[in-house]
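**Q** Attaching a single structure in structure tokens format; questions to follow.
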Amino acid sequence: MSRPALSMSGVEKSFGPFRALGPVDLDLMANERLGIIGPNGAGKTTLINCITGVLRPDSGSVRFEGADITALPSFRRARLGISRTFQIPHPFRGMSVVENLLVPLDYIHGVEDRHRRAAEVLERVGLSARAAYPSEDLSQLELRKLELARALVGNPKVLIADEAMAGLSEAEIDEVLAILYSLNEQGVAVIMIEHIMHAVMRFSQRVVCFETGQLIASGTAEEVTRNPTVQKVYFGEQAHH
Amino acid sequence: MTRGGWTFGLAMLVIVLAGFLAPHVLKNPFYFFAGYVILQYVVIATGWNILGGYAGYINFGAAGFFGAGAYASAFLFNAFGIPLWGSLIAACVIGAGLGLLMGYLTLRIQGVYFAIATLGLVIILETIIHNIPALGGARGMVVYGPPPPGWAAGPPQYMFVLMLLIAVASVSLARWMQLSWVGRGLRAVRASEDAAECSGVPTLRLKLLACAVSGAVLAAAGAPYPFYTSFVEPVTAFSLIIGLNAIAMPLIGGTRSWQGPVIGALLLATTQQIATITISSELNILFVGVVLIAFVALAPNGLIGLVRRKGTEARL
């Protein structure tokens with residue numbers, strides 16, 4: 001059995017009187033595919049921000065490969081191998097597509113031939129033809145792909161895809177899923193936060209559901225879908241619309 | 001080194017040589033007197049752009065750094081007889097220190113609030129200098145610099161060559177920063193600080209570095225000033241026009257690359273020098289204001305941006 005790549009215990013985060021998250025205990029195994037679902041405002045993005053260091057939890061600890069990283073700044077966590085995409089793509093405007101990938105390659109050390117690595121990743125996500133384009137000229141799908149490419153170019157050990165498929169067509173969703181699968185095959189653990197149910201259910205080996213900052217269910221896609229609490233807070237809520 | 005690097009190095013060498021030879025061709029010292037001011041603005045615009053252009057933090061306090069550099073060299077020379085090259089180094093250190101201090105205090109705030117805070121820096125420094133008798137207070141300080149070395153044709157020619165060397169050094173530094181990992185990191189910060197941080201960029205450290213380097217270059221521009229005018233006093237050393245030009249010149253040329261501030265400074269400072277002798281020196285500020293408004297409205301990416309856009313449109 002593999003050891004956890006990422007381990008959170010008692011993680012809590014409040015904004016003023018509002019407790020957005022926790023306390024949460026959650027492990028991510030090395031090479032696991034974990035899906036996180038939950039209605040808007042359930043604390044999913046707060047959780048990601050605590051993992052990546054954008055936010056510091058009020059209490060509890062985050063461990064990565066056994067080492068406590070709770071107090072580390074974001075850039076250090078990125079260098080350790082925790083990578084993410086943003087819900088709303090954050091391309092480095094004013095730079096070409098390939099230059100967007102050179103940023104992590106400049107700062108996350110360990111890649112010998114940076115230009116070759118960038119070309120390789122662009123090829124993999126299907127952006128080779130766009131390499132020299134200004135990143136602001138990309139389409140929505142291409143922006144999502146760039147977001148992914150930038151996150152995986154530095155050879156992360158954990159990739160967090162925060163709604164990486166929002167707003168994409170079915171065929172485009174399949175494209176992004178294929179990229180995530182192939183990444184996972186190479187040993188990267190993937191956390192997928194997604195509202196597109198069929199995608200997250202298909203992709204994840206394990207699914208956890210959040211509601212008002214609490215982890216309310218965990219199991220296989222099937223188990224979680226059948227869980228009455230999950231149905232009530234999540235699917236039930238959607239069914240009423 | 002790349003081919004571009006060699007070309008750049010060669011061009012800089014030719015410019016320095018031309019600067020040394022110019023006094024043998026141009027006999028009127030006024031050209032060097034005016035040329036000094038133009039080059040001084042090349043340094044100021046280049047220094048400002050390291051923080052303002054690459055990292056996107058608009059600093060209204062350029063005059064604070066310039067004045068600090070000027071006062072540092074005036075004081076060090078009058079009090080201890082430290083020669084200009086020594087006070088130039090001291091000015092860089094003081095400028096970098098001020099930049100770090102400003103960065104620590106203000107980098108957490110962005111946009112217009114950052115700009116206001118930097119404007120405050122100038123007022124604070126000017127007030128402090130006004131109240132220190134050892135620095136001459138409001139009366140200022142007279143600086144009788146040593147005579148220029150034998151090879152120089154005269155004081156203006158000597159100061160001109162000196163400022164040319166500072167300008168070449170500043171532009172080389174700005175070019176290196178732009179093309180290296182530093183510049184790429186700063187551009188990433190400018191585009192999205194969160195994404196940069198999550199890509200492994202130590203954003204705070206990089207911004208502090210930009211503040212320090214920018215501050216050092218701005219102070220270096222001020223260091224020879226007391227020797228140039230033989231006099232330094234708070235109102236001109238911390239003048240509004242310096243801070244305004246520092247912003248206007250890169251904006252006119254283009255803030256994304258090292259060439260922008262150089263082009264902007266050469267154009268605007270030359271025009272100002274011509275306007276000063278033909279029309280009136282007071283019209284300068286009005287002129288800068290009008291040009292600035294025109295560029296912000298019509299060519300927000302500066303002349304370089306305008307040329308590049310035309311180029312892209314032609315290709316499409």
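Labels for the structure tokens follow display order: chains A, B, ..., residues from 1 in each chain, ligands from 1.
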Pick out the chain B residues within 7 Å of chain A. Count only C-alpha atoms. Give them as a compact mmCIF listing (two decimals) with N, CA, C and O atoms, in the first residue's frame.
**A**
```txt
# COMPACT_ATOMS: atom_id res chain seq x y z
N TRP B 181 15.82 35.23 -16.01
CA TRP B 181 14.75 34.68 -15.18
C TRP B 181 14.11 35.75 -14.31
O TRP B 181 12.94 35.67 -13.96
N ARG B 184 11.45 37.56 -16.42
CA ARG B 184 10.31 36.68 -16.69
C ARG B 184 9.47 36.52 -15.43
O ARG B 184 8.23 36.54 -15.48
N GLY B 185 10.13 36.38 -14.30
CA GLY B 185 9.41 36.27 -13.03
C GLY B 185 8.61 37.53 -12.74
O GLY B 185 7.46 37.47 -12.31
N ALA B 188 5.61 37.72 -14.83
CA ALA B 188 4.61 36.80 -14.30
C ALA B 188 3.89 37.44 -13.12
O ALA B 188 2.67 37.35 -13.00
N ALA B 191 1.42 39.91 -14.33
CA ALA B 191 0.22 39.31 -14.93
C ALA B 191 -0.68 38.71 -13.85
O ALA B 191 -1.89 38.93 -13.86
N SER B 192 -0.13 37.91 -12.96
CA SER B 192 -0.94 37.29 -11.91
C SER B 192 -0.04 36.84 -10.78
O SER B 192 0.73 35.89 -10.93
N ALA B 195 -0.79 33.13 -9.62
CA ALA B 195 -0.31 32.10 -10.53
C ALA B 195 1.21 32.06 -10.52
O ALA B 195 1.81 30.98 -10.62
N GLU B 197 3.21 32.79 -7.99
CA GLU B 197 3.61 32.13 -6.74
C GLU B 197 3.43 30.62 -6.85
O GLU B 197 4.28 29.85 -6.44
N CYS B 198 2.31 30.19 -7.45
CA CYS B 198 2.05 28.75 -7.59
C CYS B 198 2.92 28.12 -8.69
O CYS B 198 2.89 26.91 -8.87
N SER B 199 3.63 28.95 -9.45
CA SER B 199 4.59 28.41 -10.42
C SER B 199 6.00 28.42 -9.85
O SER B 199 6.97 28.25 -10.58
N GLY B 200 6.11 28.65 -8.55
CA GLY B 200 7.41 28.59 -7.91
C GLY B 200 8.15 29.92 -7.84
O GLY B 200 9.29 29.97 -7.41
N VAL B 201 7.49 31.02 -8.26
CA VAL B 201 8.16 32.33 -8.25
C VAL B 201 8.05 32.94 -6.84
O VAL B 201 6.94 33.12 -6.35
N PRO B 202 9.17 33.25 -6.20
CA PRO B 202 9.10 33.90 -4.88
C PRO B 202 8.73 35.36 -5.07
O PRO B 202 9.61 36.23 -5.12
```
**Q** Counting only C-alpha atoms, what is within 12 Å of A:Ala132, bar same-chain residues fewer than 3 positions away, as a PDB file with N, CA and C atoms, in the first residue's frame?
**A**
```
ATOM      1  N   GLY A  94       0.843  39.046 -21.811  1.00  0.00           N
ATOM      2  CA  GLY A  94       2.049  39.754 -22.227  1.00  0.00           C
ATOM      3  C   GLY A  94       3.189  38.801 -22.539  1.00  0.00           C
ATOM      4  N   MET A  95       2.939  37.501 -22.352  1.00  0.00           N
ATOM      5  CA  MET A  95       3.954  36.507 -22.702  1.00  0.00           C
ATOM      6  C   MET A  95       3.367  35.547 -23.722  1.00  0.00           C
ATOM      7  N   SER A  96       4.263  34.960 -24.519  1.00  0.00           N
ATOM      8  CA  SER A  96       3.806  33.951 -25.457  1.00  0.00           C
ATOM      9  C   SER A  96       3.450  32.681 -24.681  1.00  0.00           C
ATOM     10  N   VAL A  97       2.786  31.752 -25.385  1.00  0.00           N
ATOM     11  CA  VAL A  97       2.378  30.502 -24.758  1.00  0.00           C
ATOM     12  C   VAL A  97       3.589  29.754 -24.199  1.00  0.00           C
ATOM     13  N   VAL A  98       4.635  29.647 -25.020  1.00  0.00           N
ATOM     14  CA  VAL A  98       5.802  28.872 -24.560  1.00  0.00           C
ATOM     15  C   VAL A  98       6.481  29.584 -23.390  1.00  0.00           C
ATOM     16  N   GLU A  99       6.461  30.907 -23.409  1.00  0.00           N
ATOM     17  CA  GLU A  99       7.097  31.646 -22.312  1.00  0.00           C
ATOM     18  C   GLU A  99       6.351  31.441 -20.995  1.00  0.00           C
ATOM     19  N   ASN A 100       5.023  31.250 -21.096  1.00  0.00           N
ATOM     20  CA  ASN A 100       4.233  30.928 -19.912  1.00  0.00           C
ATOM     21  C   ASN A 100       4.782  29.691 -19.208  1.00  0.00           C
ATOM     22  N   LEU A 101       5.240  28.727 -20.027  1.00  0.00           N
ATOM     23  CA  LEU A 101       5.767  27.491 -19.435  1.00  0.00           C
ATOM     24  C   LEU A 101       7.188  27.675 -18.929  1.00  0.00           C
ATOM     25  N   ALA A 118       9.445  22.305 -22.450  1.00  0.00           N
ATOM     26  CA  ALA A 118       8.278  23.137 -22.763  1.00  0.00           C
ATOM     27  C   ALA A 118       7.624  22.659 -24.060  1.00  0.00           C
ATOM     28  N   ALA A 119       8.436  22.374 -25.055  1.00  0.00           N
ATOM     29  CA  ALA A 119       7.907  21.912 -26.339  1.00  0.00           C
ATOM     30  C   ALA A 119       7.187  20.580 -26.180  1.00  0.00           C
ATOM     31  N   LEU A 122       3.826  21.145 -24.481  1.00  0.00           N
ATOM     32  CA  LEU A 122       2.888  21.780 -25.415  1.00  0.00           C
ATOM     33  C   LEU A 122       2.356  20.752 -26.407  1.00  0.00           C
ATOM     34  N   LEU A 127      -0.916  22.076 -27.855  1.00  0.00           N
ATOM     35  CA  LEU A 127      -0.793  23.513 -28.074  1.00  0.00           C
ATOM     36  C   LEU A 127       0.453  23.878 -28.890  1.00  0.00           C
ATOM     37  N   SER A 128       1.087  22.868 -29.483  1.00  0.00           N
ATOM     38  CA  SER A 128       2.348  23.119 -30.199  1.00  0.00           C
ATOM     39  C   SER A 128       2.215  24.223 -31.224  1.00  0.00           C
ATOM     40  N   ALA A 129       1.094  24.195 -31.954  1.00  0.00           N
ATOM     41  CA  ALA A 129       0.922  25.176 -33.031  1.00  0.00           C
ATOM     42  C   ALA A 129       0.785  26.593 -32.490  1.00  0.00           C
ATOM     43  N   SER A 135      -0.395  34.795 -25.136  1.00  0.00           N
ATOM     44  CA  SER A 135      -1.347  33.960 -24.403  1.00  0.00           C
ATOM     45  C   SER A 135      -2.737  34.594 -24.338  1.00  0.00           C
ATOM     46  N   GLU A 136      -2.817  35.935 -24.524  1.00  0.00           N
ATOM     47  CA  GLU A 136      -4.146  36.553 -24.437  1.00  0.00           C
ATOM     48  C   GLU A 136      -5.004  36.276 -25.674  1.00  0.00           C
ATOM     49  N   ASP A 137      -4.397  35.710 -26.731  1.00  0.00           N
ATOM     50  CA  ASP A 137      -5.160  35.432 -27.948  1.00  0.00           C
ATOM     51  C   ASP A 137      -5.772  34.031 -27.968  1.00  0.00           C
ATOM     52  N   LEU A 138      -5.642  33.273 -26.875  1.00  0.00           N
ATOM     53  CA  LEU A 138      -6.108  31.896 -26.889  1.00  0.00           C
ATOM     54  C   LEU A 138      -7.624  31.788 -26.670  1.00  0.00           C
TER      55      LEU A 138
END
```
**Q** Could you go through stretch 161-268 of chain B and tell me which residues DSSP, when run on the backbone, assigns to helix (DSSP H, G or I), listing them as a ChimeraX atom specification?
**A** /B:161-179,181-191,193-198,203-222,225-229,234-237,240-253,259-268
**Q** Give me the residues near stretch 248-263 of chain B as a list of chain:residue names, where near means some atom within 6 Å (using only C-alpha atoms) and where sequence neighbours in that chain fewer than 4 positions away do not count.
**A**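 The contact residues come out as B:Val42, B:Ala45, B:Thr46, B:Gly53, B:Ala174, B:Arg175, B:Leu292, B:Asn301, B:Gly302, B:Leu303, B:Ile304.
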**Q** So that I have them on file, write out the residues from the current selection with N, CA, C and O atoms, as a PDB file, in the first residue's frame.
**A**
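Result file follows (selection10.pdb):
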```pdb
ATOM      1  N   VAL B  42      17.628  59.277 -19.244  1.00  0.00           N
ATOM      2  CA  VAL B  42      17.695  57.882 -19.709  1.00  0.00           C
ATOM      3  C   VAL B  42      17.891  56.968 -18.498  1.00  0.00           C
ATOM      4  O   VAL B  42      17.229  55.932 -18.357  1.00  0.00           O
ATOM      5  N   ALA B  45      14.568  57.049 -16.324  1.00  0.00           N
ATOM      6  CA  ALA B  45      13.481  56.281 -16.945  1.00  0.00           C
ATOM      7  C   ALA B  45      13.775  54.789 -16.894  1.00  0.00           C
ATOM      8  O   ALA B  45      12.899  53.969 -16.621  1.00  0.00           O
ATOM      9  N   THR B  46      15.028  54.427 -17.140  1.00  0.00           N
ATOM     10  CA  THR B  46      15.422  53.012 -17.113  1.00  0.00           C
ATOM     11  C   THR B  46      15.269  52.441 -15.706  1.00  0.00           C
ATOM     12  O   THR B  46      14.751  51.342 -15.519  1.00  0.00           O
ATOM     13  N   GLY B  53       7.680  49.185 -14.940  1.00  0.00           N
ATOM     14  CA  GLY B  53       7.359  48.503 -16.191  1.00  0.00           C
ATOM     15  C   GLY B  53       7.347  46.991 -16.036  1.00  0.00           C
ATOM     16  O   GLY B  53       6.350  46.339 -16.309  1.00  0.00           O
ATOM     17  N   ALA B 174      19.286  46.814 -16.995  1.00  0.00           N
ATOM     18  CA  ALA B 174      17.846  46.658 -17.263  1.00  0.00           C
ATOM     19  C   ALA B 174      17.623  45.599 -18.342  1.00  0.00           C
ATOM     20  O   ALA B 174      16.691  44.796 -18.262  1.00  0.00           O
ATOM     21  N   ARG B 175      18.493  45.587 -19.345  1.00  0.00           N
ATOM     22  CA  ARG B 175      18.357  44.605 -20.417  1.00  0.00           C
ATOM     23  C   ARG B 175      18.584  43.201 -19.870  1.00  0.00           C
ATOM     24  O   ARG B 175      17.825  42.275 -20.155  1.00  0.00           O
ATOM     25  N   LEU B 292       1.713  63.126 -22.090  1.00  0.00           N
ATOM     26  CA  LEU B 292       1.354  61.958 -21.303  1.00  0.00           C
ATOM     27  C   LEU B 292      -0.110  61.576 -21.517  1.00  0.00           C
ATOM     28  O   LEU B 292      -0.447  60.419 -21.758  1.00  0.00           O
ATOM     29  N   ASN B 301       0.419  51.336 -24.927  1.00  0.00           N
ATOM     30  CA  ASN B 301       1.618  50.511 -24.834  1.00  0.00           C
ATOM     31  C   ASN B 301       2.858  51.222 -25.364  1.00  0.00           C
ATOM     32  O   ASN B 301       3.859  50.582 -25.675  1.00  0.00           O
ATOM     33  N   GLY B 302       2.771  52.541 -25.485  1.00  0.00           N
ATOM     34  CA  GLY B 302       3.930  53.313 -25.894  1.00  0.00           C
ATOM     35  C   GLY B 302       4.243  53.195 -27.370  1.00  0.00           C
ATOM     36  O   GLY B 302       3.537  52.535 -28.128  1.00  0.00           O
ATOM     37  N   LEU B 303       5.309  53.868 -27.768  1.00  0.00           N
ATOM     38  CA  LEU B 303       5.707  53.859 -29.176  1.00  0.00           C
ATOM     39  C   LEU B 303       6.043  52.450 -29.641  1.00  0.00           C
ATOM     40  O   LEU B 303       5.662  52.032 -30.730  1.00  0.00           O
ATOM     41  N   ILE B 304       6.743  51.693 -28.786  1.00  0.00           N
ATOM     42  CA  ILE B 304       7.120  50.329 -29.171  1.00  0.00           C
ATOM     43  C   ILE B 304       5.873  49.483 -29.366  1.00  0.00           C
ATOM     44  O   ILE B 304       5.760  48.728 -30.333  1.00  0.00           O
TER      45      ILE B 304
END
```
**Q** Pull the strand (DSSP E) assignments for stretch 46-189 of chain A out of DSSP run on the backbone, and list those residues as a list in words.
**A**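 So the strand (DSSP E) residues in stretch 46-189 of chain A would be Ser59, Gly60, Ser61, Val62, Arg63, Phe64, Ala67, Asp68, Ile82, Ser83, Arg84, Thr85, Val158, Leu159, Ile160, Ala161, Asp162 and Ala189 of chain A.
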**Q** Please identify all polymer residues within 10 Å of B:Tyr158, counting only C-alpha atoms, omitting same-chain residues fewer than 3 positions from it, and present them as a list of chain:residue names.
**A** B:Gly19, B:Phe20, B:Pro23, B:Phe32, B:Phe33, B:Tyr36, B:Pro147, B:Pro148, B:Pro149, B:Gly150, B:Trp151, B:Ala152, B:Ala153, B:Gly154, B:Pro155, B:Val161, B:Leu162, B:Met163, B:Leu164, B:Tyr228
**Q** Can you tell me, as an mmCIF file with N, CA, C and O atoms, in the first residue's frame, what residues are no more than 10 Å from stretch 4-11 of chain B when counting only C-alpha atoms, ignoring any on the same chain fewer than 3 positions away?
**A**
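selection.cif, freshly written:
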```cif
data_model
loop_
_atom_site.group_PDB
_atom_site.id
_atom_site.type_symbol
_atom_site.label_atom_id
_atom_site.label_comp_id
_atom_site.auth_asym_id
_atom_site.auth_seq_id
_atom_site.Cartn_x
_atom_site.Cartn_y
_atom_site.Cartn_z
ATOM 1 N N MET B 1 27.109 33.811 -24.600
ATOM 2 C CA MET B 1 26.293 34.994 -24.897
ATOM 3 C C MET B 1 25.611 34.839 -26.266
ATOM 4 O O MET B 1 26.190 34.281 -27.190
ATOM 5 N N VAL B 14 30.486 51.227 -28.879
ATOM 6 C CA VAL B 14 30.570 52.289 -29.894
ATOM 7 C C VAL B 14 30.033 53.602 -29.306
ATOM 8 O O VAL B 14 30.625 54.664 -29.481
ATOM 9 N N ILE B 15 28.922 53.502 -28.566
ATOM 10 C CA ILE B 15 28.320 54.702 -27.969
ATOM 11 C C ILE B 15 29.275 55.352 -26.966
ATOM 12 O O ILE B 15 29.465 56.568 -26.958
ATOM 13 N N VAL B 16 29.917 54.521 -26.137
ATOM 14 C CA VAL B 16 30.854 55.066 -25.147
ATOM 15 C C VAL B 16 32.029 55.741 -25.859
ATOM 16 O O VAL B 16 32.425 56.859 -25.510
ATOM 17 N N LEU B 17 32.571 55.065 -26.890
ATOM 18 C CA LEU B 17 33.690 55.645 -27.643
ATOM 19 C C LEU B 17 33.282 56.980 -28.276
ATOM 20 O O LEU B 17 34.022 57.960 -28.208
ATOM 21 N N VAL B 168 24.898 53.747 -19.781
ATOM 22 C CA VAL B 168 25.206 52.465 -20.427
ATOM 23 C C VAL B 168 25.119 51.332 -19.406
ATOM 24 O O VAL B 168 24.546 50.269 -19.677
ATOM 25 N N SER B 172 22.295 48.395 -19.597
ATOM 26 C CA SER B 172 22.758 47.003 -19.657
ATOM 27 C C SER B 172 22.129 46.172 -18.546
ATOM 28 O O SER B 172 21.702 45.033 -18.766
ATOM 29 N N ARG B 175 18.493 45.587 -19.345
ATOM 30 C CA ARG B 175 18.357 44.605 -20.417
ATOM 31 C C ARG B 175 18.584 43.201 -19.870
ATOM 32 O O ARG B 175 17.825 42.275 -20.155
ATOM 33 N N TRP B 176 19.628 43.062 -19.057
ATOM 34 C CA TRP B 176 19.897 41.747 -18.491
ATOM 35 C C TRP B 176 18.703 41.273 -17.651
ATOM 36 O O TRP B 176 18.250 40.134 -17.771
#
```
